[in-house]
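Worksheet: one structure, shown below.
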Amino acid sequence: MTKIILVGCSGRMGQMITNIVAEDAEAEIVAGVDIVENAQATYPIYKDITACDVPADAIIDFSSANEIEKRIDYAMEKQIPLVECSTGLSQEQTDYLLNAGKKVAVLRSANMSVGVNLLIKLVKEAAQKLAGEGFDIEIVEKHHNQKLDAPSGTALALADSINEAMDNQYEYVYDRSQVRQKRGKKELGISAVRGGTIVGDHDVIFAGTDEVVTFSHTAYSRGVFAKGSVVAAKYLKGKGAGLYDMADVVL
């Protein structure tokens with residue numbers, strides 16, 4: 001049984017995680033942290049994480065970047081592994097989190113979906129086989145019309161995994177509208193689509209002569225990210241200090 005402290009428990013993702021854990025015989029939420037009350041919760045909720053004195057095996061943090069240092073300090077002090085899912089971290093906050101990995105287990109990924117992280121592994125292997133045979137590589141990602149950043153962090157993680165496998169030979173190209181020339185052999189195109197309520201759709205296209213191989217992942221709800229965080233928490237239980245990501249979970 002993995003005992004979890006859930007930070008951001010009253011938010012949309014927090015409620016999803018609560019429902020997922022309720023159906024998981026191997027996990028239990030023993031405490032929540034949120035400034036908002038949640039009458040439906042079956043566990044105690046603290047407005048300040050420093051007031052929480054409940055023993056736990058892992059912390060899942062799906063709250064905002066505000067005061068993230070306080071949550072990191074708590075994890076280090078209590079020696080509780082941390083699954084950090086907050087977005088919008090500044091460079092200083094990111095550095096603070098990475099340094100915490102020297103004292104406690106910290107897991108952070110560009111995407112918490114188990115499926116996406118398996119996709120990252122698969123396209124890395126595919127690139128090693130297909131790029132040498134002359135296949136061009138393009139990534140197309142689609143998200144809802146409220147998403148602020150483009151391309152997505154997941155698209156960049158896919159591109160980085162491919163480029164790493166190919167000794168960083170590729171140049172990322174985001175826009176060809178101002179250039180009138182043929183596609184370069186060492187280009188890796190990344191295109192972003194924004195519209196409607198698309199949760200997340202990523203295609204990695206290997207286009208060769210007379211054949212195309214496409215790897216795709218579609219998220220139909222944000223529940224896949226909630227599920228991934230619970231899988232990560234169970235994986236992190238008992239792990240020593242260090243930096244981990246979802247690739248460690250799916251390998």
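Residue numbering restarts at 1 for every chain of the structure tokens, chains are lettered A, B, ... in their displayed order, and ligands are numbered from 1 as they appear.
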Any chance you could list, as an MDAnalysis selection string, the residues in region 56-205 of chain A that come up helix (DSSP H, G or I) when DSSP is run on the backbone? chainID A and resid 68:78 91:100 114:133 153:165
With C-alpha atoms kept, could you save the residues just selected as a tab-separated table (two decimals), in the first residue's frame?
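Produced file result_1.tsv, reproduced below:
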```
chain	number	residue	atom	x	y	z
A	68	ILE	CA	6.49	25.39	-4.49
A	69	GLU	CA	9.69	25.88	-2.50
A	70	LYS	CA	7.71	25.28	0.70
A	71	ARG	CA	6.43	21.94	-0.62
A	72	ILE	CA	9.90	20.92	-1.76
A	73	ASP	CA	11.35	21.82	1.64
A	74	TYR	CA	8.66	19.72	3.33
A	75	ALA	CA	9.49	16.71	1.15
A	76	MET	CA	13.19	17.06	1.97
A	77	GLU	CA	12.59	17.55	5.70
A	78	LYS	CA	10.19	14.61	5.99
A	91	GLN	CA	13.99	28.80	-13.90
A	92	GLU	CA	14.82	29.48	-10.25
A	93	GLN	CA	12.04	27.16	-9.09
A	94	THR	CA	13.12	24.48	-11.55
A	95	ASP	CA	16.69	24.71	-10.27
A	96	TYR	CA	15.42	24.48	-6.68
A	97	LEU	CA	13.51	21.31	-7.56
A	98	LEU	CA	16.46	19.74	-9.33
A	99	ASN	CA	18.75	20.48	-6.39
A	100	ALA	CA	16.24	18.81	-4.07
A	114	VAL	CA	2.23	6.45	-19.19
A	115	GLY	CA	1.30	6.14	-22.87
A	116	VAL	CA	3.14	9.31	-23.90
A	117	ASN	CA	6.28	8.22	-22.13
A	118	LEU	CA	6.15	4.85	-23.85
A	119	LEU	CA	5.75	6.77	-27.12
A	120	ILE	CA	8.90	8.78	-26.31
A	121	LYS	CA	10.80	5.51	-25.88
A	122	LEU	CA	9.41	4.01	-29.11
A	123	VAL	CA	10.15	7.00	-31.37
A	124	LYS	CA	13.68	7.14	-30.05
A	125	GLU	CA	14.20	3.55	-31.18
A	126	ALA	CA	12.40	4.18	-34.48
A	127	ALA	CA	14.63	7.15	-35.28
A	128	GLN	CA	17.73	5.01	-34.95
A	129	LYS	CA	16.30	2.61	-37.55
A	130	LEU	CA	14.52	4.94	-39.96
A	131	ALA	CA	16.50	8.19	-40.03
A	132	GLY	CA	19.50	6.38	-41.47
A	133	GLU	CA	17.27	5.12	-44.28
A	153	GLY	CA	6.34	20.47	-23.76
A	154	THR	CA	5.49	16.95	-24.86
A	155	ALA	CA	6.27	17.73	-28.51
A	156	LEU	CA	9.64	19.10	-27.46
A	157	ALA	CA	10.28	16.04	-25.28
A	158	LEU	CA	9.55	13.81	-28.30
A	159	ALA	CA	11.87	15.89	-30.47
A	160	ASP	CA	14.61	15.87	-27.84
A	161	SER	CA	14.44	12.08	-27.48
A	162	ILE	CA	14.83	11.66	-31.24
A	163	ASN	CA	17.65	14.18	-31.45
A	164	GLU	CA	19.45	12.57	-28.53
A	165	ALA	CA	19.27	9.19	-30.27
```
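When only C-alpha atoms are used to measure the gap to Ser90 (chain A), the shortest distance among A:Val104, A:Cys52, A:Ile29, A:Ala65 belongs to A:Ala65.
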Got a sec: who's within 10 Å of region 23-25 of chain A, counting only C-alpha atoms, leaving out chain neighbours fewer than 6 positions off, as a PDB file with all heavy atoms, in the first residue's frame?
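Written out: result_14.pdb:
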```pdb
ATOM      1  N   MET A   1       0.828  -1.196   0.000  1.00  0.00           N
ATOM      2  CA  MET A   1       0.000   0.000   0.000  1.00  0.00           C
ATOM      3  C   MET A   1       0.872   1.260   0.000  1.00  0.00           C
ATOM      4  O   MET A   1       1.753   1.401   0.839  1.00  0.00           O
ATOM      5  CB  MET A   1      -0.914   0.006   1.222  1.00  0.00           C
ATOM      6  CG  MET A   1      -1.775   1.243   1.367  1.00  0.00           C
ATOM      7  SD  MET A   1      -3.075   1.364   0.100  1.00  0.00           S
ATOM      8  CE  MET A   1      -4.158   0.030   0.637  1.00  0.00           C
ATOM      9  N   THR A   2       0.641   2.143  -0.964  1.00  0.00           N
ATOM     10  CA  THR A   2       1.362   3.407  -1.039  1.00  0.00           C
ATOM     11  C   THR A   2       0.491   4.513  -0.462  1.00  0.00           C
ATOM     12  O   THR A   2      -0.598   4.799  -0.982  1.00  0.00           O
ATOM     13  CB  THR A   2       1.741   3.747  -2.496  1.00  0.00           C
ATOM     14  OG1 THR A   2       2.561   2.701  -3.033  1.00  0.00           O
ATOM     15  CG2 THR A   2       2.487   5.072  -2.569  1.00  0.00           C
ATOM     16  N   VAL A 230      -0.368   8.743 -10.145  1.00  0.00           N
ATOM     17  CA  VAL A 230      -0.546   7.694  -9.135  1.00  0.00           C
ATOM     18  C   VAL A 230       0.426   6.543  -9.394  1.00  0.00           C
ATOM     19  O   VAL A 230       1.053   6.010  -8.466  1.00  0.00           O
ATOM     20  CB  VAL A 230      -2.000   7.178  -9.126  1.00  0.00           C
ATOM     21  CG1 VAL A 230      -2.159   6.018  -8.138  1.00  0.00           C
ATOM     22  CG2 VAL A 230      -2.963   8.305  -8.763  1.00  0.00           C
TER      23      VAL A 230
END
```
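Between CA of His202 (chain A) and CA of Ile137 (chain A) there is a distance of 13.2 Å.
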Report as a ChimeraX atom specification: the residues of region 27-72 of chain A with a DSSP assignment of strand (DSSP E or B), based on the backbone of this structure. /A:27-33,45-46,58-61
